[in-house]
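All remarks here apply to the structure that follows.
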Amino acid sequence: MGVMSGSTRTPATVDSLDEVAQPGLSAPALAALVAGAGVYGVWWGAVNTATGQRLDHLAFLGSKIGSWRVSDEAMRLLDMVSVPAVAVAVAVVMLIALLRRRWALSLLAAGVVIGANLTSQALKNWVFTREDLIDLGPYGGLANSLPSGHTTVAASAAVAALLVVPAALRAVTAGLGVVIVTAFGFATLVGQWHRASDAIAAVLVAASWAFAGVVAARIATRLQHREVAARPDAFTVILLLVGLIGVGVAGLAGLINWSVPIEAATRTNLFLAYLGGVAALTGVTCACFGMLLRMVEVSRPAGRPADQG
């Protein structure tokens, strides 16, 4: 018997670009807006209300406890931050993207770093103001210091790196990013350069730009990328859980000190306030990196294996 003509068909190939699920824009866009609103919310709560100023100042005073043990290391870390440091951060993230032949991504990552740092400087110097609402004496005359420029440099470089590294290095990059950003924020507290709210706002500025960068990347590559339906990996879940715990600890510390006057604060009150500030910084940092890690994981070049995204 002869083989019937046309009775066989070529096996199905990888979905064509117009058939794959395109990366969504709503999640990163919403995250960018929430992070941006968070910057304003931190300023309004910690700088524009008497209770917020008092709690923030208690944490500021508490940061002196044991600071002598790490002050030298903190100063050396802070001395690394400068305009040339921003230029180096931009060059490094662009180089990583260029080595991967992701030309557009290199410009996008540079835009995240530059945009975040310009935003922090603009907000601190021209948009946000600070009035002494609780008669802080010499501290009350200090100019607005929110967001922290030093923490913004570290956070923007870390999130930009997470946007450009290969898939196999993303979890490691996110983990290192959390450590580096938290270390810089902690150093500004130990050095009495910034309040806890300043560092937290800086992380949110960088995160907002990073989420906006995800939106831009997805728009630029909508015909070459697809959505990947996958459960969050263990490290992403850990980051988000630590984020929730950190914010919860900060909230509890704030409730304990809610009505404690500065002049009546004990060493325990100061330590709890300081602990709350560090917990909030760590929690917000972990949550932002966890969400960003998840967003870069669920979008990959169409037809490319997961470990090559």
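Chain identifiers are assigned as A, B, and so on, following the order in which chains appear in the structure tokens; residues are numbered from 1 within each chain, and ligands are numbered from 1 in order of appearance.
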
- request: Mind checking which residues fall within 12 Å of Arg170 of chain A, counting only C-alpha atoms, ignoring those fewer than 4 positions away in the same chain, and posting them as a VMD selection string?
  value: chain A and resid 158 to 166 174 to 177 233 235 to 236 289 to 290 292 to 297 306 to 309

message: For Val113 of chain A, find every residue with an atom within 8 Å (counting only C-alpha atoms), except residues of its own chain fewer than 5 positions away, and show them as a PyMOL selection string.
response: chain A and resi 86+89-90+153+156-157+160+206

Can you write just those residues out, C-alpha atoms, as an mmCIF file, in the first residue's frame?
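Result saved to result-v8.cif:
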data_model
loop_
_atom_site.group_PDB
_atom_site.id
_atom_site.type_symbol
_atom_site.label_atom_id
_atom_site.label_comp_id
_atom_site.auth_asym_id
_atom_site.auth_seq_id
_atom_site.Cartn_x
_atom_site.Cartn_y
_atom_site.Cartn_z
ATOM 1 C CA VAL A 86 27.524 56.638 40.688
ATOM 2 C CA ALA A 89 27.819 51.867 39.124
ATOM 3 C CA VAL A 90 26.334 52.984 35.800
ATOM 4 C CA VAL A 153 23.369 55.112 45.339
ATOM 5 C CA SER A 156 19.896 51.955 42.628
ATOM 6 C CA ALA A 157 23.078 50.111 41.667
ATOM 7 C CA ALA A 160 19.922 47.826 38.232
ATOM 8 C CA ALA A 206 15.277 53.070 43.817
#

Closest contacts (segment 33-57 of chain A/segment 127-142 of chain A, max 9 Å, only C-alpha atoms) as CSV:
residue,atom,partner,partner_atom,distance
A:Tyr40,CA,A:Phe128,CA,8.9
A:Trp43,CA,A:Phe128,CA,7.6
A:Val47,CA,A:Arg130,CA,6.2
A:Asn48,CA,A:Arg130,CA,7.0
A:Thr49,CA,A:Leu133,CA,7.2
A:Ala50,CA,A:Leu133,CA,5.4
A:Thr51,CA,A:Ile134,CA,8.5
A:Gln53,CA,A:Ile134,CA,7.4
A:Arg54,CA,A:Ile134,CA,7.1
A:His57,CA,A:Leu136,CA,8.7

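Taking atom CA of Ala35 of chain A and atom CA of Ala201 of chain A as endpoints, the distance between them is 9.0 Å.
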
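Using only C-alpha atoms, the shortest contact distance between Phe186 of chain A and any of A:His150, A:Arg102, A:Arg231, A:Arg218 is found at A:His150.
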
- prompt: Mind pulling up the distance from atom CA of Trp126 of chain A to atom CA of Ala280 of chain A?
  reply: 25.8 Å

task: Would you return as an NGL selection string the members of segment 94-231 of chain A that DSSP assigns to alpha helix (DSSP H) on this structure's backbone?
output: :A and (94-99 or 103-122 or 149-164 or 170-190 or 196-220)

message: Show me, as number ranges by chain, the residues that have an atom within 6 Å of Thr151 of chain A when counting only C-alpha atoms, minus same-chain residues fewer than 6 positions from it.
response: A: 184-185, 199, 202

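Interatomic distance, atom CA of Thr268 of chain A to atom CA of Ser197 of chain A: 20.3 Å.
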